Amino acid sequence: MPDKPRIADPASITPRIGGGYPERFNAHVGGRIKRALTDALGLTQFGVNLTELPPGAASALRHWHSHEDECVYILEGHPTLVTDAGETILHPGQAAGFPAGVADGHCLINQTDEPVVLLEIGARNDQDEGFYPDVDLHAQPGRYTSENCFTRADGSPLDDED
């Protein structure tokens, strides 16, 4: 007999509010609300977050991934996509993709007075590194198995005040 399907009500998933960066970098994503849908469903090979960006909040620090493709799908609102090419306003029903290994940092910023709701979809590759071109930060491989994976961009340890 097959297992029952795994079903989750996003409203029942405990949200992660703010960022998971070293403290001095978290103000940029303050107020961001993420609900890890795939975690709630017991899935491990890819990740999907239901993310809400209140006015003024960003999805992340501008970044790119070494080993992970990433995709966002806009459900509500009009976030501004920021990349090396500049800024683009996205609309509900639009998707944007970011191939692994392409050194073009990206993030979404809610520059409107209304909330933005989106799906973030990506792989869970423990070899992945995150590069943050606007700040002195680098995510080392192992972020899915270690909570302390951040260093300076040159690989040196962060200072105590970071």
# chains A, B, ... in the order shown; residues from 1 in each chain; ligands from 1

$ select_by_dssp --residues "chain A" --states "alpha helix (DSSP H)" --output "ChimeraX atom specification"
/A:37-40

$ residues_around --residues "Asp154 in chain A" --least-positions-apart "6" --cutoff "10 Å" --atoms "only C-alpha atoms" --output "count of residues only"
3

$ atom_distance --atom1 "CA of Tyr132 in chain A" --atom2 "CA of Ile13 in chain A"
28.7 Å

$ closest_atom_pairs --of "range 29-73 of chain A" --to "range 99-112 of chain A" --cutoff "6 Å" --atoms "only C-alpha atoms" --output "JSON lines"
{"residue": "A:Pro55", "atom": "CA", "partner": "A:Asn110", "partner_atom": "CA", "distance": 5.3}
{"residue": "A:Gly56", "atom": "CA", "partner": "A:Asn110", "partner_atom": "CA", "distance": 5.3}
{"residue": "A:Ala57", "atom": "CA", "partner": "A:Asn110", "partner_atom": "CA", "distance": 5.6}
{"residue": "A:Ala58", "atom": "CA", "partner": "A:Ile109", "partner_atom": "CA", "distance": 4.2}
{"residue": "A:Ser59", "atom": "CA", "partner": "A:Leu108", "partner_atom": "CA", "distance": 5.2}
{"residue": "A:Ala60", "atom": "CA", "partner": "A:Cys107", "partner_atom": "CA", "distance": 5.7}
{"residue": "A:Arg62", "atom": "CA", "partner": "A:His106", "partner_atom": "CA", "distance": 4.7}
{"residue": "A:His63", "atom": "CA", "partner": "A:Gly105", "partner_atom": "CA", "distance": 4.2}
{"residue": "A:Trp64", "atom": "CA", "partner": "A:Gly105", "partner_atom": "CA", "distance": 4.8}
{"residue": "A:His65", "atom": "CA", "partner": "A:Ala100", "partner_atom": "CA", "distance": 5.4}
{"residue": "A:Ser66", "atom": "CA", "partner": "A:Gly101", "partner_atom": "CA", "distance": 4.4}
{"residue": "A:His67", "atom": "CA", "partner": "A:Ala100", "partner_atom": "CA", "distance": 5.0}
{"residue": "A:Glu68", "atom": "CA", "partner": "A:Ala100", "partner_atom": "CA", "distance": 4.7}
{"residue": "A:Asp69", "atom": "CA", "partner": "A:Pro99", "partner_atom": "CA", "distance": 4.5}

$ write_last_selection --atoms "C-alpha atoms" --output "PDB file, in the first residue's frame"
ATOM      1  CA  PRO A  55       8.063  46.942   1.684  1.00  0.00           C
ATOM      2  CA  GLY A  56      11.787  47.745   1.786  1.00  0.00           C
ATOM      3  CA  ALA A  57      12.976  44.160   2.299  1.00  0.00           C
ATOM      4  CA  ALA A  58      15.302  42.219   0.006  1.00  0.00           C
ATOM      5  CA  SER A  59      15.268  38.508  -0.793  1.00  0.00           C
ATOM      6  CA  ALA A  60      18.991  38.202  -0.086  1.00  0.00           C
ATOM      7  CA  ARG A  62      23.122  40.197  -4.082  1.00  0.00           C
ATOM      8  CA  HIS A  63      24.773  36.832  -4.782  1.00  0.00           C
ATOM      9  CA  TRP A  64      25.483  34.028  -7.242  1.00  0.00           C
ATOM     10  CA  HIS A  65      26.012  30.277  -6.812  1.00  0.00           C
ATOM     11  CA  SER A  66      28.878  28.055  -7.949  1.00  0.00           C
ATOM     12  CA  HIS A  67      26.951  24.749  -8.169  1.00  0.00           C
ATOM     13  CA  GLU A  68      23.251  25.560  -7.945  1.00  0.00           C
ATOM     14  CA  ASP A  69      20.713  26.782 -10.450  1.00  0.00           C
TER      15      ASP A  69
END

$ closest_residue --among "A:Phe25, A:Glu114, A:Pro92, A:Ile7" --to "Leu43 in chain A" --atoms "only C-alpha atoms"
A:Ile7
